[in-house]
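Raw contents of my_file26.txt, compact mmCIF, C-alpha atoms:
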# COMPACT_ATOMS: atom_id res chain seq x y z
CA MET A 1 -8.10 -14.24 -25.28
CA GLU A 2 -5.63 -12.64 -22.87
CA TYR A 3 -2.97 -12.91 -25.59
CA ILE A 4 -5.12 -10.88 -27.99
CA ALA A 5 -5.76 -8.29 -25.28
CA LEU A 6 -2.02 -8.11 -24.56
CA VAL A 7 -1.18 -7.53 -28.23
CA VAL A 8 -3.87 -4.86 -28.57
CA GLY A 9 -2.75 -3.16 -25.35
CA PHE A 10 0.92 -3.10 -26.39
CA LEU A 11 0.08 -1.74 -29.85
CA ILE A 12 -2.10 1.02 -28.35
CA ILE A 13 0.73 1.94 -25.97
CA LEU A 14 3.18 2.17 -28.89
CA ALA A 15 0.72 4.26 -30.92
CA GLY A 16 0.20 6.59 -27.95
CA LEU A 17 3.96 6.95 -27.44
CA TRP A 18 4.44 7.77 -31.11
CA ALA A 19 1.62 10.32 -30.98
CA ILE A 20 3.08 12.01 -27.89
CA MET A 21 6.41 12.48 -29.62
CA THR A 22 5.42 13.40 -33.15
CA ARG A 23 2.15 15.36 -33.03
CA LYS A 24 2.37 19.14 -33.25
CA ASN A 25 -0.94 20.09 -31.59
CA ILE A 26 -1.10 20.03 -27.79
CA LEU A 27 -4.63 18.55 -27.77
CA LYS A 28 -3.36 15.70 -29.96
CA ILE A 29 -0.54 15.10 -27.50
CA ILE A 30 -3.05 14.88 -24.65
CA ILE A 31 -5.11 12.39 -26.68
CA GLY A 32 -1.87 10.41 -27.06
CA PHE A 33 -1.44 10.38 -23.28
CA SER A 34 -4.96 9.13 -22.70
CA LEU A 35 -4.51 6.38 -25.32
CA PHE A 36 -1.27 5.36 -23.59
CA ASP A 37 -3.26 5.10 -20.34
CA THR A 38 -5.95 2.94 -21.93
CA GLY A 39 -3.37 0.57 -23.41
CA LEU A 40 -1.60 0.22 -20.08
CA HIS A 41 -4.86 -0.63 -18.33
CA ILE A 42 -5.71 -3.27 -20.93
CA VAL A 43 -2.28 -4.89 -20.42
CA MET A 44 -2.71 -4.95 -16.62
CA VAL A 45 -6.20 -6.47 -16.77
CA ALA A 46 -5.02 -9.04 -19.31
CA LEU A 47 -2.22 -10.10 -16.95
CA ALA A 48 -4.82 -10.67 -14.22
CA TYR A 49 -6.86 -13.07 -16.35
CA VAL A 50 -6.77 -16.76 -15.48
CA ASN A 51 -7.91 -19.32 -18.03
CA GLU A 52 -11.58 -20.25 -18.02
CA ARG A 53 -12.36 -18.39 -14.82
CA THR A 54 -14.97 -15.82 -13.88
CA ALA A 55 -15.17 -12.44 -12.14
CA PRO A 56 -14.04 -12.21 -8.49
CA ILE A 57 -17.52 -11.92 -6.97
CA ILE A 58 -19.03 -14.46 -4.57
CA ASP A 59 -22.64 -15.37 -5.39
CA GLY A 60 -24.82 -18.37 -6.29
CA THR A 61 -22.47 -19.69 -8.98
CA VAL A 62 -19.20 -19.06 -7.16
CA LEU A 63 -19.34 -20.25 -3.57
CA ALA A 64 -16.82 -19.01 -1.02
CA GLU A 65 -15.41 -22.53 -0.55
CA GLU A 66 -14.41 -22.92 -4.18
CA ALA A 67 -13.58 -19.28 -4.94
CA ILE A 68 -9.89 -20.06 -4.96
CA ASN A 69 -10.35 -22.30 -8.00
CA LYS A 70 -12.97 -20.25 -9.82
CA VAL A 71 -12.11 -16.54 -9.82
CA VAL A 72 -9.49 -14.38 -11.53
CA ASP A 73 -6.90 -12.27 -9.75
CA PRO A 74 -8.59 -9.29 -8.00
CA VAL A 75 -5.43 -7.32 -7.14
CA PRO A 76 -4.51 -5.88 -10.59
CA GLN A 77 -8.19 -5.09 -11.14
CA ALA A 78 -8.28 -3.02 -7.97
CA LEU A 79 -5.12 -1.20 -9.05
CA VAL A 80 -6.55 -0.46 -12.51
CA LEU A 81 -9.75 0.82 -10.87
CA THR A 82 -7.86 3.55 -9.05
CA ALA A 83 -5.55 4.13 -12.03
CA ILE A 84 -8.49 4.98 -14.30
CA VAL A 85 -9.81 7.61 -11.89
CA ILE A 86 -6.33 9.12 -11.45
CA GLY A 87 -5.90 9.04 -15.23
CA PHE A 88 -9.02 11.16 -15.58
CA GLY A 89 -7.61 13.64 -13.07
CA VAL A 90 -4.31 13.83 -14.93
CA THR A 91 -6.07 14.35 -18.28
CA ALA A 92 -8.19 17.13 -16.77
CA LEU A 93 -5.05 18.76 -15.35
CA MET A 94 -3.28 18.64 -18.74
CA LEU A 95 -6.34 20.13 -20.44
CA THR A 96 -6.35 22.93 -17.85
CA TYR A 97 -2.76 23.76 -18.70
CA ALA A 98 -3.71 23.66 -22.39
CA VAL A 99 -6.47 26.23 -21.74
CA ARG A 100 -4.00 28.46 -19.88
CA LEU A 101 -1.44 28.18 -22.68
CA PHE A 102 -4.13 29.03 -25.20
CA LYS A 103 -5.13 32.09 -23.19
CA SER A 104 -1.56 33.36 -23.13
CA LYS A 105 -0.60 32.68 -26.77
CA GLY A 106 -3.85 32.22 -28.68
CA SER A 107 -2.67 28.97 -30.25
CA LEU A 108 -2.03 25.34 -29.37
CA GLU A 109 0.60 24.52 -31.99
CA ILE A 110 3.91 23.47 -30.43
CA ALA A 111 5.81 25.60 -32.95
CA ASP A 112 4.35 28.78 -31.45
CA PHE A 113 5.86 28.12 -28.05
CA LYS A 114 9.48 28.86 -28.90
CA ASP A 115 10.10 30.95 -25.77
CA ALA A 116 9.31 28.00 -23.55
CA LYS A 117 12.89 26.73 -23.96
CA TRP A 118 15.26 27.55 -21.16
CA MET B 1 15.00 14.36 -39.97
CA LEU B 2 17.40 13.17 -37.28
CA ARG B 3 14.68 13.81 -34.72
CA ASN B 4 12.17 11.69 -36.63
CA SER B 5 14.57 8.79 -36.98
CA LEU B 6 15.45 8.96 -33.28
CA ILE B 7 11.74 8.79 -32.41
CA PHE B 8 11.39 5.85 -34.79
CA VAL B 9 14.32 4.04 -33.15
CA LEU B 10 12.87 4.69 -29.67
CA VAL B 11 9.42 3.36 -30.62
CA ILE B 12 11.04 0.27 -32.20
CA ALA B 13 13.13 -0.27 -29.04
CA VAL B 14 10.06 -0.09 -26.78
CA GLY B 15 8.32 -2.43 -29.22
CA VAL B 16 11.16 -4.95 -28.88
CA ILE B 17 10.86 -4.79 -25.09
CA PHE B 18 7.12 -5.41 -25.34
CA TYR B 19 7.72 -8.27 -27.79
CA SER B 20 10.06 -10.02 -25.39
CA LEU B 21 7.58 -9.47 -22.54
CA PHE B 22 4.87 -10.97 -24.72
CA THR B 23 6.86 -14.05 -25.69
CA GLN B 24 7.71 -14.75 -22.05
CA PHE B 25 4.06 -14.60 -20.99
CA ASP B 26 2.43 -18.01 -21.11
CA GLY B 27 -0.96 -17.52 -19.50
CA ASN B 28 -2.00 -18.04 -15.90
CA ASP B 29 -3.47 -21.32 -14.75
CA GLU B 30 -3.80 -20.46 -11.09
CA LEU B 31 -3.85 -17.43 -8.84
CA SER B 32 -0.78 -15.73 -7.49
CA ASP B 33 0.04 -16.35 -3.82
CA LEU B 34 -1.33 -12.99 -2.72
CA ALA B 35 -4.61 -13.50 -4.57
CA GLN B 36 -4.91 -17.00 -3.11
CA PHE B 37 -4.70 -15.45 0.33
CA TYR B 38 -7.48 -13.00 -0.54
CA ALA B 39 -9.71 -15.72 -2.04
CA GLN B 40 -9.51 -18.17 0.85
CA LYS B 41 -12.84 -18.95 2.50
CA GLU B 42 -11.75 -17.88 5.98
CA ASN B 43 -10.47 -14.55 4.71
CA ILE B 44 -13.64 -13.91 2.69
CA ASP B 45 -15.71 -14.62 5.80
CA LYS B 46 -13.44 -12.45 7.91
CA VAL B 47 -13.82 -9.40 5.66
CA GLY B 48 -17.43 -10.17 4.71
CA SER B 49 -17.42 -8.63 1.23
CA ALA B 50 -18.78 -10.71 -1.65
CA ASN B 51 -16.94 -8.60 -4.21
CA LEU B 52 -13.26 -9.37 -3.81
CA VAL B 53 -12.19 -6.26 -5.73
CA THR B 54 -14.09 -4.15 -3.20
CA ALA B 55 -12.43 -6.06 -0.37
CA VAL B 56 -9.00 -5.26 -1.82
CA VAL B 57 -9.81 -1.61 -2.56
CA VAL B 58 -11.47 -0.75 0.75
CA THR B 59 -9.73 -2.86 3.37
CA TYR B 60 -6.52 -4.59 2.28
CA ARG B 61 -5.39 -1.59 0.22
CA GLY B 62 -7.49 1.03 1.99
CA LEU B 63 -4.50 3.30 2.42
CA ASP B 64 -3.99 3.35 -1.36
CA THR B 65 -7.59 4.45 -1.79
CA LEU B 66 -7.05 7.24 0.74
CA GLY B 67 -4.00 8.39 -1.22
CA GLU B 68 -5.95 8.15 -4.44
CA VAL B 69 -8.81 10.40 -3.28
CA THR B 70 -6.16 12.79 -1.95
CA ILE B 71 -4.59 12.97 -5.41
CA LEU B 72 -8.00 13.60 -6.93
CA PHE B 73 -8.65 16.34 -4.37
CA LEU B 74 -5.32 17.99 -5.22
CA THR B 75 -6.11 17.78 -8.92
CA ALA B 76 -9.51 19.41 -8.40
CA ALA B 77 -7.91 22.15 -6.30
CA ILE B 78 -5.21 22.89 -8.91
CA ILE B 79 -7.77 22.93 -11.72
CA GLY B 80 -9.95 25.32 -9.74
CA PHE B 81 -6.94 27.54 -9.09
CA PHE B 82 -5.86 27.70 -12.73
CA LEU B 83 -9.26 28.01 -14.37
CA LYS B 84 -10.75 30.41 -11.85
CA GLY B 85 -8.64 33.28 -13.35
CA LYS B 86 -10.34 36.60 -13.87
CA LEU B 87 -13.86 36.65 -15.23
CA GLU B 88 -12.95 39.20 -17.84
CA GLU B 89 -15.25 40.87 -20.42
CA GLY B 90 -18.52 39.60 -18.99
CA LYS B 91 -20.54 36.56 -19.97
CA ARG B 92 -21.19 35.22 -23.44
CA GLU B 93 -24.59 34.83 -25.04
CA VAL B 94 -25.86 31.27 -24.69
CA ARG B 95 -28.55 29.70 -26.77
CA PRO B 96 -30.98 27.90 -24.41
CA SER B 97 -31.14 24.14 -24.88
CA SER B 98 -34.16 22.53 -26.53
CA GLU B 99 -37.48 21.76 -24.86
CA ILE B 100 -36.94 18.01 -25.31
CA LEU B 101 -33.57 18.04 -23.57
CA GLN B 102 -34.91 20.12 -20.69
CA THR B 103 -37.93 17.88 -20.07
CA ALA B 104 -35.91 14.67 -20.41
CA ALA B 105 -33.23 15.99 -18.08
CA ALA B 106 -35.80 16.87 -15.42
CA VAL B 107 -37.02 13.27 -15.52
CA LEU B 108 -33.64 11.58 -15.84
CA ILE B 109 -31.35 13.46 -13.46
CA PRO B 110 -32.94 12.17 -10.21
CA ILE B 111 -33.03 8.63 -11.61
CA ILE B 112 -29.35 8.79 -12.59
CA ILE B 113 -28.38 10.09 -9.17
CA VAL B 114 -30.38 7.33 -7.44
CA PHE B 115 -28.67 4.79 -9.73
CA GLY B 116 -25.26 6.15 -8.71
CA VAL B 117 -26.19 5.84 -5.03
CA TYR B 118 -27.45 2.28 -5.65
CA ILE B 119 -24.13 1.38 -7.26
CA PHE B 120 -22.01 2.54 -4.38
CA ILE B 121 -24.27 1.14 -1.66
CA ASN B 122 -24.18 -2.28 -3.36
CA GLY B 123 -20.44 -2.04 -4.00
CA HIS B 124 -19.66 -5.00 -1.74
CA LEU B 125 -22.19 -7.32 -3.46
CA THR B 126 -22.22 -6.52 -7.17
CA PRO B 127 -19.76 -4.96 -9.62
CA GLY B 128 -19.46 -1.32 -8.74
CA GLY B 129 -18.54 0.82 -5.82
CA GLY B 130 -17.54 4.30 -4.83
CA PHE B 131 -15.56 5.24 -7.90
CA GLN B 132 -18.17 4.04 -10.39
CA GLY B 133 -21.07 5.51 -8.42
CA GLY B 134 -19.26 8.81 -8.08
CA ALA B 135 -18.61 8.93 -11.82
CA ILE B 136 -22.29 8.23 -12.52
CA ILE B 137 -23.36 11.03 -10.17
CA ALA B 138 -20.91 13.34 -11.95
CA SER B 139 -22.50 12.41 -15.27
CA ALA B 140 -25.91 13.43 -13.86
CA ILE B 141 -24.35 16.79 -12.95
CA ILE B 142 -22.94 17.16 -16.46
CA LEU B 143 -26.41 16.55 -17.90
CA MET B 144 -27.70 19.30 -15.63
CA LEU B 145 -24.96 21.66 -16.81
CA LEU B 146 -25.66 20.86 -20.47
CA THR B 147 -29.35 21.57 -20.03
CA ARG B 148 -28.90 24.93 -18.29
CA PRO B 149 -25.58 26.35 -19.48
CA THR B 150 -26.01 29.64 -17.64
CA MET B 151 -26.90 28.06 -14.31
CA PRO B 152 -24.44 29.24 -11.63
CA PHE B 153 -22.44 26.29 -10.37
CA ASN B 154 -22.43 26.03 -6.59
CA HIS B 155 -18.84 25.14 -5.81
CA LYS B 156 -19.34 25.72 -2.12
CA LEU B 157 -21.98 22.97 -1.84
CA PHE B 158 -19.77 20.39 -3.55
CA SER B 159 -16.72 21.42 -1.54
CA THR B 160 -18.73 20.99 1.67
CA ILE B 161 -19.97 17.53 0.66
CA GLU B 162 -16.43 16.59 -0.27
CA SER B 163 -14.88 17.81 2.98
CA ILE B 164 -17.51 16.11 5.13
CA SER B 165 -17.17 12.77 3.36
CA GLY B 166 -13.37 12.96 3.38
CA LEU B 167 -13.40 13.64 7.11
CA SER B 168 -15.87 10.79 7.74
CA PHE B 169 -13.67 8.45 5.68
CA ILE B 170 -10.67 9.18 7.87
CA THR B 171 -12.78 9.03 11.06
CA LEU B 172 -14.00 5.55 10.11
CA GLY B 173 -10.40 4.55 9.45
CA VAL B 174 -9.34 5.76 12.89
CA LEU B 175 -12.32 3.94 14.46
CA GLY B 176 -11.02 0.79 12.79
CA ALA B 177 -7.61 1.42 14.33
CA LEU B 178 -9.15 1.89 17.78
CA PHE B 179 -11.70 -0.94 17.88
CA ALA B 180 -10.36 -3.50 15.37
CA GLY B 181 -7.11 -4.60 13.78
CA GLY B 182 -5.75 -1.40 12.28
CA PHE B 183 -6.30 1.75 10.24
CA LEU B 184 -9.28 1.30 7.86
CA ASP B 185 -10.14 -2.10 9.30
CA ASN B 186 -13.85 -2.74 8.64
CA ARG B 187 -14.51 -5.18 11.46
CA PHE B 188 -15.45 -2.76 14.25
CA ILE B 189 -19.04 -3.33 13.03
CA GLU B 190 -20.40 -6.90 12.85
CA THR B 191 -19.45 -8.34 9.44
CA GLY B 192 -22.57 -10.52 9.09
CA THR B 193 -23.21 -13.08 6.35
CA VAL B 194 -21.41 -12.75 3.02
CA GLY B 195 -23.87 -11.77 0.30
CA GLU B 196 -26.42 -9.78 2.30
CA LEU B 197 -26.95 -6.06 1.94
CA ILE B 198 -26.14 -5.32 5.59
CA SER B 199 -22.82 -7.11 5.73
CA GLY B 200 -19.15 -6.46 5.35
CA GLY B 201 -18.90 -4.37 8.49
CA ALA B 202 -17.98 -0.80 7.63
CA ILE B 203 -17.31 -1.49 3.93
CA PRO B 204 -20.64 -0.08 2.58
CA ILE B 205 -20.30 3.03 4.76
CA ILE B 206 -16.68 3.67 3.79
CA TYR B 207 -17.41 3.07 0.11
CA SER B 208 -20.42 5.41 0.24
CA PHE B 209 -18.24 8.20 1.57
CA VAL B 210 -15.63 7.45 -1.09
CA GLY B 211 -18.41 7.62 -3.68
CA LEU B 212 -19.72 10.95 -2.42
CA LYS B 213 -16.19 12.35 -2.31
CA VAL B 214 -15.28 11.18 -5.81
CA GLY B 215 -18.62 12.39 -7.19
CA ALA B 216 -18.21 15.83 -5.63
CA GLU B 217 -14.63 16.13 -6.84
CA LEU B 218 -15.44 15.13 -10.42
CA SER B 219 -18.44 17.50 -10.39
CA ASN B 220 -16.19 20.32 -9.19
CA ILE B 221 -13.76 19.67 -12.07
CA LEU B 222 -16.61 19.62 -14.60
CA GLY B 223 -18.08 22.80 -13.08
CA ASP B 224 -14.74 24.56 -13.48
CA PHE B 225 -14.59 23.60 -17.16
CA GLN B 226 -18.19 24.76 -17.59
CA GLU B 227 -17.36 28.16 -16.10
CA VAL B 228 -14.47 28.58 -18.53
CA GLN B 229 -17.06 28.20 -21.29
CA ASN B 230 -19.14 31.01 -19.88
CA GLU B 231 -16.41 33.60 -19.68
CA LYS B 232 -15.72 35.14 -23.02
CA MET C 1 -14.29 -19.72 -29.24
CA THR C 2 -16.95 -17.04 -29.72
CA TYR C 3 -15.16 -14.93 -27.13
CA ILE C 4 -11.93 -15.18 -29.10
CA ILE C 5 -13.59 -14.07 -32.34
CA VAL C 6 -15.34 -11.19 -30.55
CA SER C 7 -12.11 -10.07 -28.88
CA ILE C 8 -10.24 -10.17 -32.22
CA LEU C 9 -12.95 -7.99 -33.78
CA LEU C 10 -12.83 -5.60 -30.82
CA GLY C 11 -9.06 -5.41 -31.10
CA ILE C 12 -9.18 -4.60 -34.81
CA ILE C 13 -11.77 -1.85 -34.23
CA MET C 14 -9.78 -0.41 -31.34
CA LEU C 15 -6.53 -0.29 -33.33
CA LEU C 16 -8.37 1.32 -36.25
CA MET C 17 -9.87 3.94 -33.93
CA THR C 18 -6.45 4.57 -32.35
CA GLY C 19 -5.10 5.32 -35.81
CA ILE C 20 -7.97 7.68 -36.54
CA ALA C 21 -7.58 9.41 -33.16
CA ILE C 22 -3.91 10.10 -33.84
CA LEU C 23 -3.91 10.87 -37.55
CA HIS C 24 -7.22 12.55 -38.36
CA LYS C 25 -7.00 16.28 -39.12
CA ASN C 26 -10.40 17.13 -37.67
CA MET C 27 -10.12 17.36 -33.90
CA VAL C 28 -13.78 16.47 -33.27
CA VAL C 29 -13.36 13.16 -35.09
CA ALA C 30 -10.12 12.48 -33.25
CA ILE C 31 -11.70 13.04 -29.82
CA ILE C 32 -14.69 10.84 -30.61
CA ALA C 33 -12.36 8.11 -31.90
CA ALA C 34 -10.40 8.25 -28.61
CA GLY C 35 -13.70 7.91 -26.75
CA VAL C 36 -14.66 4.89 -28.87
CA VAL C 37 -11.33 3.24 -28.00
CA SER C 38 -12.25 3.58 -24.31
CA LEU C 39 -15.76 2.27 -24.90
CA PHE C 40 -14.56 -0.87 -26.69
CA ALA C 41 -11.84 -1.30 -24.06
CA SER C 42 -14.61 -1.56 -21.48
CA VAL C 43 -16.22 -4.40 -23.49
CA LEU C 44 -12.81 -6.10 -23.59
CA TYR C 45 -12.56 -5.78 -19.79
CA LEU C 46 -15.92 -7.49 -19.49
CA LEU C 47 -14.62 -10.40 -21.60
CA LEU C 48 -11.52 -10.53 -19.37
CA ALA C 49 -13.78 -11.06 -16.30
CA ALA C 50 -13.33 -7.57 -14.83
CA PRO C 51 -16.82 -6.01 -14.54
CA ASP C 52 -15.71 -3.42 -11.96
CA VAL C 53 -13.05 -2.06 -14.27
CA ALA C 54 -15.48 -2.14 -17.21
CA LEU C 55 -18.00 -0.03 -15.31
CA THR C 56 -15.35 2.53 -14.35
CA GLU C 57 -13.92 2.75 -17.85
CA ALA C 58 -17.35 3.17 -19.44
CA ALA C 59 -18.35 5.96 -17.05
CA ILE C 60 -15.06 7.84 -16.80
CA GLY C 61 -12.90 6.94 -19.79
CA SER C 62 -15.49 7.26 -22.50
CA GLY C 63 -18.00 9.59 -20.81
CA LEU C 64 -16.40 12.29 -18.70
CA SER C 65 -13.03 12.41 -20.52
CA THR C 66 -14.69 12.98 -23.88
CA ILE C 67 -16.88 15.71 -22.38
CA ILE C 68 -13.98 17.70 -20.94
CA PHE C 69 -12.06 17.37 -24.23
CA PHE C 70 -15.07 18.89 -25.96
CA TYR C 71 -15.29 21.70 -23.41
CA VAL C 72 -11.69 22.67 -24.10
CA LEU C 73 -12.12 22.30 -27.86
CA ASN C 74 -15.22 24.50 -27.77
CA LYS C 75 -13.35 27.16 -25.81
CA ILE C 76 -10.49 27.16 -28.33
CA ARG C 77 -12.64 27.13 -31.45
CA LYS C 78 -14.81 30.05 -30.34
CA ASN C 79 -11.81 32.28 -29.73
CA ASN C 80 -10.32 31.37 -33.08
CA VAL C 81 -13.48 32.44 -34.88
CA ALA C 82 -13.69 35.70 -32.96
CA GLU C 83 -10.19 36.80 -33.91

Let's see the structure in the file written out as structure tokens.
Amino acid sequence: MEYIALVVGFLIILAGLWAIMTRKNILKIIIGFSLFDTGLHIVMVALAYVNERTAPIIDGTVLAEEAINKVVDPVPQALVLTAIVIGFGVTALMLTYAVRLFKSKGSLEIADFKDAKW
Amino acid sequence: MLRNSLIFVLVIAVGVIFYSLFTQFDGNDELSDLAQFYAQKENIDKVGSANLVTAVVVTYRGLDTLGEVTILFLTAAIIGFFLKGKLEEGKREVRPSSEILQTAAAVLIPIIIVFGVYIFINGHLTPGGGFQGGAIIASAIILMLLTRPTMPFNHKLFSTIESISGLSFITLGVLGALFAGGFLDNRFIETGTVGELISGGAIPIIYSFVGLKVGAELSNILGDFQEVQNEK
Amino acid sequence: MTYIIVSILLGIIMLLMTGIAILHKNMVVAIIAAGVVSLFASVLYLLLAAPDVALTEAAIGSGLSTIIFFYVLNKIRKNNVAE
């Protein structure tokens, strides 16, 4: 199962990368960034998976004594947890810049921003 | 044309890197050394959190979480700065939302907020915690904004909540440094039995403040976007 | 075995939705497709034994992100019609 998730994650990353570089509309580019994010998170969670094990929470079925042999790796999950929230912040920031660009030029097509080169 | 082929070559190159990474990966059969340390019985009892992810987020990597809420705070501040521009040409005409949505929202919003609070108070026992609870509270706020589009958004209230919880977060961290092992150590309060609501030392308190802070920050961001809608 | 079949199905749907999100001309469809990718990703996290991450992704990735995309899209559309 983690192999399937890895393949899916890598393909979504590649699709996001391609979208970032080829799309002409700024909103589409931002969608590409958020897809890239999602793919990266899937890859990280898939790397944390351990065969036939369950979530890292101690309760009736997973006792503290045997946790070491029954749970998956909690560290990448904690990292992905914060990464998702930061990813939302970054997306919101990019959308803010998109709104500002739209206010100044009245368009979001990359071709209309010729004066941005320096 | 050259540009397109260069992009194609780059994507293929990254794909080859990913392919070699994939072929070298042959599944995990046991935990890494670091995770084994976190999952040992004595360390679970020492921290007192049943949810190991919470234990990592709040105590072992508490400093990362502090940095993370700081980044979110900066993002919210920058968004407020850029979107707050001038409120030119007055407000737009808004069609009021339907009766059904208004009634349902009045019933649902308190329940959603209570659910968010439940999620971050139980963060050390069940899946969930400050970030998830904060996001759920922010989605209650967005429902409120969708129901009454012209409602003035009280940024000051959310900024106050955010500052107070941020300050309390750091104060708790310093208390940990003074009375326990180090900055953001949760053991200056009795850790209790793993699996009970009042356990884990300061973890539920710290995570509640993180939840309030994240919820207020996300609500501030959403309120800024809502105000951009209202200016013409 | 069931998990493997379910995850293959989820993967196919997610890749399909990624394609739609990138290639579709209509921006509304593209944004919703990107939201659906996040939503199915959260189911995949659940299968990979990460309920915390699944909860976060469902609330933030597919809820709030989609909403702010629509806010910006609404802002842009309205101005286009006015001019």

- prompt: Counting all atoms listed in the file, which residues from chain B have an atom at most 12 Å from any atom of chain C, and could you show them as a VMD selection string?
  reply: chain B and resid 51 to 54 57 83 92 116 119 to 120 123 to 143 145 to 146 149 214 to 215 218 to 219 221 to 232

Distance-based interface of chain A with chain B, 7 Å, counting all atoms listed in the file, as a short mmCIF file (atom, residue, chain, number, x, y, z; two decimals) with C-alpha atoms, in the frame of the given file:
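And here is the file that came out, part-v6.cif:
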data_model
loop_
_atom_site.label_atom_id
_atom_site.label_comp_id
_atom_site.auth_asym_id
_atom_site.auth_seq_id
_atom_site.Cartn_x
_atom_site.Cartn_y
_atom_site.Cartn_z
CA PHE A 10 0.92 -3.10 -26.39
CA LEU A 14 3.18 2.17 -28.89
CA TRP A 18 4.44 7.77 -31.11
CA TYR A 49 -6.86 -13.07 -16.35
CA VAL A 50 -6.77 -16.76 -15.48
CA ASN A 51 -7.91 -19.32 -18.03
CA PRO A 56 -14.04 -12.21 -8.49
CA ILE A 57 -17.52 -11.92 -6.97
CA ILE A 58 -19.03 -14.46 -4.57
CA ASP A 59 -22.64 -15.37 -5.39
CA ALA A 64 -16.82 -19.01 -1.02
CA GLU A 65 -15.41 -22.53 -0.55
CA ALA A 67 -13.58 -19.28 -4.94
CA ILE A 68 -9.89 -20.06 -4.96
CA VAL A 72 -9.49 -14.38 -11.53
CA ASP A 73 -6.90 -12.27 -9.75
CA PRO A 74 -8.59 -9.29 -8.00
CA VAL A 75 -5.43 -7.32 -7.14
CA GLN A 77 -8.19 -5.09 -11.14
CA ALA A 78 -8.28 -3.02 -7.97
CA THR A 82 -7.86 3.55 -9.05
CA ILE A 86 -6.33 9.12 -11.45
CA GLY A 89 -7.61 13.64 -13.07
CA LEU A 93 -5.05 18.76 -15.35
CA THR A 96 -6.35 22.93 -17.85
#

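Checking A:Ile84, A:Ala5, A:Leu17, A:Met94 one by one against A:Ala46, counting only C-alpha atoms, you find the shortest gap at A:Ala5.
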
- request: Kindly determine which residues of chain A lie within 6 Å of chain C, considering only C-alpha atoms, and give the answer as a list of chain:residue names.
  value: A:Met1, A:Val8, A:Thr54, A:Ala55, A:Leu81

query: Could you state the separation of atom CA of B:Gly211 and atom CA of B:Leu172 in Å, given to one decimal place?
result: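 One can read the atom CA of B:Gly211 to atom CA of B:Leu172 distance as 14.6 Å.
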
query: At what distance in Å, to one decimal, does atom CA of B:Lys46 lie from atom CA of B:Thr193?
result: 9.9 Å

- request: Identify, on the basis of all atoms listed in the file, every residue whose closest approach to B:Ala177 does not exceed 12 Å; exclude the query and any residue fewer than 6 positions from it along the same chain; express the result as number ranges by chain.
  value: B: 59, 170-171, 183-188

task: One decimal, Å: what's the distance from atom CA of A:Gly32 over to atom CA of C:Met17, could you say?
output: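 Atom-to-atom, atom CA of A:Gly32 and atom CA of C:Met17 are spaced 12.4 Å apart.
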